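Here the structure is laid out as structure tokens; the discussion comes afterwards.
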Amino acid sequence: MGKTMRAIGLMSGTSMDGIDVALIETDGDQRLERGPALSYPYSEPFRAQLRAALVEAARLRHRDERPGSLRLTEQYLTDLHAEAVTNFLEDCRIAAESVDVVGFHGQTVLHAPERKLTVQIGDGARLASVIGIDVVYDLRGPDVAAGGQGAPLAPVYHRALAARLPERPVAVVNVGGVSNVTWIGGDGTLIAFDTGPGNALLDDWMHAHTGQAVDAEGATAARGKVDEDALTALLTHAYFGMPPPKSLDRNAFSLDPVRHLSLEDGAATLAAFTAASLARACEHMPEQPKLWVISGGGRRNRTLMTMIAERVESAVAPAEAAGFDGDAVEAEAWAYMAVRSLKGLPITFPGTTGISQPLTGGVLARK
Ligand SMILES: Nc1ncnc2c1ncn2[C@@H]1O[C@H](COP(=O)(O)OP(=O)(O)O)[C@@H](O)[C@H]1O
Ligand SMILES: [Mg+2]
């Protein structure tokens with residue numbers, strides 16, 4: 001058995017709600033102890049800055065270009081991550097010296113694997129020097145450069161987490177900005193892909209109509225009625241029928257089919273869209289899961305959870321029912337992969353990103 005390390009993961013997902021921080025102890029393989037986790041939300045002005053960054057990034061041709069305000073946004077984002085680590089260590093009374101490594105996701109501003117391009121802003125070297133802990137960053141880059149989808153990456157960690165669950169096959173889903181599923185077969189086989197939208201469309205809808213970032217608990221969607229024509233139109237997207245491996249950019253789907261609907265009906269239809277695209281993911285699974293475990297912020301949307309349960313065949317459980325921390329899974333995954341990266345262990349596989357052979361990833365920035 002390899003050496004156990006203490007690792008912190010930093011995740012800021014496509015929903016751009018903030019930074020999730022989690023500590024784990026792991027050998028990068030089967031040994032796994034989960035520690036504390038906390039989230040540090042972005043301010044609304046910084047979210048607006050990130051939305052502008054997505055627009056600027058759409059014209060990137062090379063992954064190290066930082067035109068316009070992207071450079072400044074990257075520096076500020078890095079400093080916010082440094083602050084999150086400092087606060088986390090203080091809040092949890094952990095000494096920086098006791099932490100071996102930080103796994104740093106950064107903020108995805110462009111994901112176009114078909115052009116061998118995935119761009120996460122975030123300066124690993126700057127972060128390492130400020131927090132005084134080694135940082136592993138750019139975990140997606142090598143996979144995309146080698147022809148993989150560069151997403152999803154969490155499946156290798158989902159498998160470690162699910163080792164404690166008896167159900168097989170089991171599906172571990174993350175409903176973040178985009179949704180992704182990891183199907184884990186009886187023999188440990190992994191099939192993983194982005195299933196479709198998560199919360200991002202619904203967040204955009206709410207933001208445009210109410211100025212609020214979230215449909216809290218799905219209350220707005222609960223008051224609306226699903227517009228079946230709009231839902232059908234949304235589901236005509238070619239993505240759903242494509243076999244995996246496959247992954248999505250945050251802005252892959254358009255709100256056009258729902259634009260004429262009321263606030264409530266639009267919210268209900270978009271929640272149904274997320275649920276229905278998860279159900280369509282079953283087409284790409286060799287055997288139906290016995291259990292669906294849902295992590296990510298979307299599990300707090302009760303309307304969405306009900307809609308998922310109505311559309312898939314077997315039991316649906318929020319992460320906590322399976323003993324996971326549903327807000328921390330992705331951050332823990334980045335901590336886990338940072339350790340795997342240091343040990344040269346693979347983080348992506350043919351079944352998860354379509355890479356031809358298992359591949360490690362990540363760049364090490366020394367403190
Ligand atoms: N109480 C809540 N009710 C409904 N939706 C929520 C709630 N809390 C969070 N969410 C949704 O979850 C999203 C954040 O989920 P998260 O897993 O952090 O995604 P990401 O990994 O993309 O950042 C929010 O943007 C919001 O849409
Ligand atoms: Mg988040």
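Starting from 1 in every chain, residues are counted up; chains themselves are A, B, ... following the order of the structure tokens, and ligands are numbered from 1 as listed.
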
Legend entry - Within 8 Å of ligand 1 (only C-alpha atoms and all ligand atoms), residues as a ChimeraX atom specification: /A:11-20,174-178,198-200,202-203,213-218,295-302,326-327,330

Legend entry - DSSP alpha helix (DSSP H) residues within stretch 168-288 of chain A, listed as a VMD selection string: chain A and resid 200 to 210 219 to 223 228 to 235 263 to 280

Output the selection as an mmCIF file, in the first residue's frame - C-alpha atoms for each residue.
```
data_model
loop_
_atom_site.group_PDB
_atom_site.id
_atom_site.type_symbol
_atom_site.label_atom_id
_atom_site.label_comp_id
_atom_site.auth_asym_id
_atom_site.auth_seq_id
_atom_site.Cartn_x
_atom_site.Cartn_y
_atom_site.Cartn_z
ATOM 1 C CA ALA A 200 -26.984 26.213 -15.275
ATOM 2 C CA LEU A 201 -29.961 26.751 -17.584
ATOM 3 C CA LEU A 202 -32.353 27.033 -14.670
ATOM 4 C CA ASP A 203 -29.968 29.442 -12.911
ATOM 5 C CA ASP A 204 -29.735 31.574 -16.065
ATOM 6 C CA TRP A 205 -33.510 31.527 -16.386
ATOM 7 C CA MET A 206 -34.018 32.596 -12.774
ATOM 8 C CA HIS A 207 -31.341 35.256 -13.020
ATOM 9 C CA ALA A 208 -32.844 36.768 -16.171
ATOM 10 C CA HIS A 209 -36.393 36.830 -14.760
ATOM 11 C CA THR A 210 -35.938 37.545 -11.074
ATOM 12 C CA ALA A 219 -40.114 26.233 -5.347
ATOM 13 C CA THR A 220 -40.645 28.172 -8.578
ATOM 14 C CA ALA A 221 -40.552 25.028 -10.715
ATOM 15 C CA ALA A 222 -43.033 23.416 -8.310
ATOM 16 C CA ARG A 223 -45.593 26.149 -9.083
ATOM 17 C CA GLU A 228 -44.329 19.208 -23.188
ATOM 18 C CA ASP A 229 -43.757 20.845 -26.599
ATOM 19 C CA ALA A 230 -40.874 22.903 -25.278
ATOM 20 C CA LEU A 231 -39.464 19.859 -23.490
ATOM 21 C CA THR A 232 -39.656 17.807 -26.677
ATOM 22 C CA ALA A 233 -37.899 20.597 -28.567
ATOM 23 C CA LEU A 234 -35.134 20.738 -25.958
ATOM 24 C CA LEU A 235 -34.681 16.969 -26.134
ATOM 25 C CA LEU A 263 -41.320 32.201 -15.080
ATOM 26 C CA GLU A 264 -42.885 29.188 -13.344
ATOM 27 C CA ASP A 265 -43.582 27.088 -16.432
ATOM 28 C CA GLY A 266 -40.093 27.806 -17.773
ATOM 29 C CA ALA A 267 -38.533 26.716 -14.479
ATOM 30 C CA ALA A 268 -40.648 23.539 -14.413
ATOM 31 C CA THR A 269 -39.755 22.739 -18.019
ATOM 32 C CA LEU A 270 -36.038 23.292 -17.460
ATOM 33 C CA ALA A 271 -36.060 21.096 -14.348
ATOM 34 C CA ALA A 272 -37.873 18.438 -16.382
ATOM 35 C CA PHE A 273 -35.225 18.826 -19.100
ATOM 36 C CA THR A 274 -32.452 18.007 -16.628
ATOM 37 C CA ALA A 275 -34.422 15.023 -15.277
ATOM 38 C CA ALA A 276 -35.364 13.727 -18.730
ATOM 39 C CA SER A 277 -31.785 13.936 -19.983
ATOM 40 C CA LEU A 278 -30.669 11.845 -16.997
ATOM 41 C CA ALA A 279 -33.306 9.267 -17.905
ATOM 42 C CA ARG A 280 -32.047 9.258 -21.490
#
```

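Omitting stretch 161-171 of chain A and its sequence neighbours fewer than 3 positions away, and counting only C-alpha atoms, the residues within 6 Å are His158, Thr182, Trp183, Ile184, Gly185, Gly186, Pro289, Lys290, Leu291 and Trp292 of chain A.
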
Limited to N, CA and C atoms, could you put the picked residues into a file as a PDB file, in the first residue's frame?
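New file result_10.pdb:
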```
ATOM      1  N   HIS A 158     -15.529   8.682  -7.736  1.00  0.00           N
ATOM      2  CA  HIS A 158     -16.839   8.060  -7.481  1.00  0.00           C
ATOM      3  C   HIS A 158     -16.665   6.570  -7.189  1.00  0.00           C
ATOM      4  N   THR A 182     -21.670   8.631 -13.465  1.00  0.00           N
ATOM      5  CA  THR A 182     -20.687   7.550 -13.471  1.00  0.00           C
ATOM      6  C   THR A 182     -21.444   6.258 -13.211  1.00  0.00           C
ATOM      7  N   TRP A 183     -21.382   5.350 -14.166  1.00  0.00           N
ATOM      8  CA  TRP A 183     -21.997   4.030 -14.022  1.00  0.00           C
ATOM      9  C   TRP A 183     -20.889   3.074 -13.586  1.00  0.00           C
ATOM     10  N   ILE A 184     -21.108   2.402 -12.458  1.00  0.00           N
ATOM     11  CA  ILE A 184     -20.091   1.494 -11.940  1.00  0.00           C
ATOM     12  C   ILE A 184     -20.664   0.081 -11.959  1.00  0.00           C
ATOM     13  N   GLY A 185     -20.073  -0.773 -12.762  1.00  0.00           N
ATOM     14  CA  GLY A 185     -20.556  -2.135 -12.922  1.00  0.00           C
ATOM     15  C   GLY A 185     -20.059  -3.056 -11.821  1.00  0.00           C
ATOM     16  N   GLY A 186     -20.580  -4.264 -11.826  1.00  0.00           N
ATOM     17  CA  GLY A 186     -20.241  -5.250 -10.810  1.00  0.00           C
ATOM     18  C   GLY A 186     -18.753  -5.534 -10.730  1.00  0.00           C
ATOM     19  N   PRO A 289     -28.962   0.782 -13.554  1.00  0.00           N
ATOM     20  CA  PRO A 289     -28.449   0.860 -12.179  1.00  0.00           C
ATOM     21  C   PRO A 289     -29.503   0.415 -11.173  1.00  0.00           C
ATOM     22  N   LYS A 290     -29.049  -0.202 -10.092  1.00  0.00           N
ATOM     23  CA  LYS A 290     -29.964  -0.584  -9.007  1.00  0.00           C
ATOM     24  C   LYS A 290     -30.257   0.629  -8.127  1.00  0.00           C
ATOM     25  N   LEU A 291     -29.334   1.593  -8.169  1.00  0.00           N
ATOM     26  CA  LEU A 291     -29.473   2.774  -7.317  1.00  0.00           C
ATOM     27  C   LEU A 291     -28.843   3.967  -8.029  1.00  0.00           C
ATOM     28  N   TRP A 292     -29.509   5.119  -7.916  1.00  0.00           N
ATOM     29  CA  TRP A 292     -28.966   6.378  -8.409  1.00  0.00           C
ATOM     30  C   TRP A 292     -28.648   7.260  -7.208  1.00  0.00           C
TER      31      TRP A 292
END
```

Legend entry - Nearest to ligand 2, chosen from A:Ala331, A:Ala322, A:Met242, A:Val55, with only C-alpha atoms and all ligand atoms counted in the distances: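 Smallest separation from ligand 2 among the options: A:Ala331.
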
Inset, instruction - Excluding stretch 334-342 of chain A and any residue of its chain fewer than 4 positions from it, enumerate the residues within 7 Å of it, using only C-alpha atoms, and give them as a list in words. - result: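 After dropping sequence-adjacent residues, the list is Ala7, Ile8, Gly9, Leu10, Ile24, Thr26, Gly28, Val102, Gly103, Phe104, His105, Val136, Tyr157, Glu330, Pro346, Ile347, Thr360, Gly361 and Gly362 of chain A.
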
Inset, instruction - Rank A:Gly35, A:Gly147, A:Pro41, A:Gly241 by their smallest atom-to-atom distance to A:Cys282, using only C-alpha atoms, and report the top residue only. - result: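 Of A:Gly35, A:Gly147, A:Pro41, A:Gly241, the one nearest A:Cys282 is A:Gly241, counting only C-alpha atoms.
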
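Across stretch 157-247 of chain A, DSSP run on the backbone finds strand (DSSP E or B) at Val170, Ala171, Val172, Val173, Asn174, Val175, Val178, Ser179, Asn180, Val181, Thr182, Trp183, Ile184, Leu190, Ile191, Ala192, Phe193, Asp194, Thr195, Gly196 and Pro197 of chain A.
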
Resulting file, chosen residues, N, CA and C atoms, as a tab-separated table (two decimals), in the first residue's frame:
```tsv
chain	number	residue	atom	x	y	z
A	170	VAL	N	-24.25	0.70	-9.93
A	170	VAL	CA	-24.73	1.90	-9.25
A	170	VAL	C	-24.38	3.10	-10.13
A	171	ALA	N	-25.24	4.10	-10.12
A	171	ALA	CA	-24.98	5.33	-10.86
A	171	ALA	C	-24.76	6.47	-9.87
A	172	VAL	N	-23.63	7.12	-10.00
A	172	VAL	CA	-23.36	8.30	-9.18
A	172	VAL	C	-23.47	9.51	-10.09
A	173	VAL	N	-24.38	10.39	-9.74
A	173	VAL	CA	-24.67	11.55	-10.60
A	173	VAL	C	-24.26	12.81	-9.87
A	174	ASN	N	-23.69	13.74	-10.61
A	174	ASN	CA	-23.46	15.07	-10.07
A	174	ASN	C	-24.30	16.07	-10.86
A	175	VAL	N	-25.23	16.70	-10.17
A	175	VAL	CA	-26.01	17.73	-10.83
A	175	VAL	C	-25.43	19.09	-10.43
A	178	VAL	N	-23.59	21.56	-15.20
A	178	VAL	CA	-23.87	20.49	-16.15
A	178	VAL	C	-24.06	19.24	-15.29
A	179	SER	N	-24.76	18.21	-15.80
A	179	SER	CA	-24.87	16.96	-15.03
A	179	SER	C	-23.98	15.89	-15.64
A	180	ASN	N	-23.40	15.09	-14.79
A	180	ASN	CA	-22.66	13.94	-15.31
A	180	ASN	C	-22.96	12.70	-14.49
A	181	VAL	N	-22.81	11.56	-15.13
A	181	VAL	CA	-23.11	10.29	-14.46
A	181	VAL	C	-21.88	9.39	-14.53
A	182	THR	N	-21.67	8.63	-13.47
A	182	THR	CA	-20.69	7.55	-13.47
A	182	THR	C	-21.44	6.26	-13.21
A	183	TRP	N	-21.38	5.35	-14.17
A	183	TRP	CA	-22.00	4.03	-14.02
A	183	TRP	C	-20.89	3.07	-13.59
A	184	ILE	N	-21.11	2.40	-12.46
A	184	ILE	CA	-20.09	1.49	-11.94
A	184	ILE	C	-20.66	0.08	-11.96
A	190	LEU	N	-16.13	1.28	-15.40
A	190	LEU	CA	-16.64	2.64	-15.35
A	190	LEU	C	-17.14	3.08	-16.72
A	191	ILE	N	-18.36	3.61	-16.74
A	191	ILE	CA	-18.83	4.32	-17.94
A	191	ILE	C	-19.30	5.68	-17.45
A	192	ALA	N	-18.74	6.73	-17.99
A	192	ALA	CA	-19.08	8.05	-17.48
A	192	ALA	C	-19.21	9.04	-18.61
A	193	PHE	N	-20.10	9.98	-18.44
A	193	PHE	CA	-20.28	11.03	-19.44
A	193	PHE	C	-21.14	12.15	-18.86
A	194	ASP	N	-21.07	13.31	-19.50
A	194	ASP	CA	-22.00	14.38	-19.17
A	194	ASP	C	-23.35	13.98	-19.75
A	195	THR	N	-24.40	14.10	-18.94
A	195	THR	CA	-25.70	13.64	-19.41
A	195	THR	C	-26.49	14.75	-20.10
A	196	GLY	N	-26.21	15.98	-19.74
A	196	GLY	CA	-26.98	17.09	-20.27
A	196	GLY	C	-26.92	18.23	-19.27
A	197	PRO	N	-27.95	19.07	-19.28
A	197	PRO	CA	-27.92	20.20	-18.37
A	197	PRO	C	-28.00	19.76	-16.92
```

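Picture a line from atom CA of A:Gly68 to atom CA of A:Phe253; it runs 25.4 Å.
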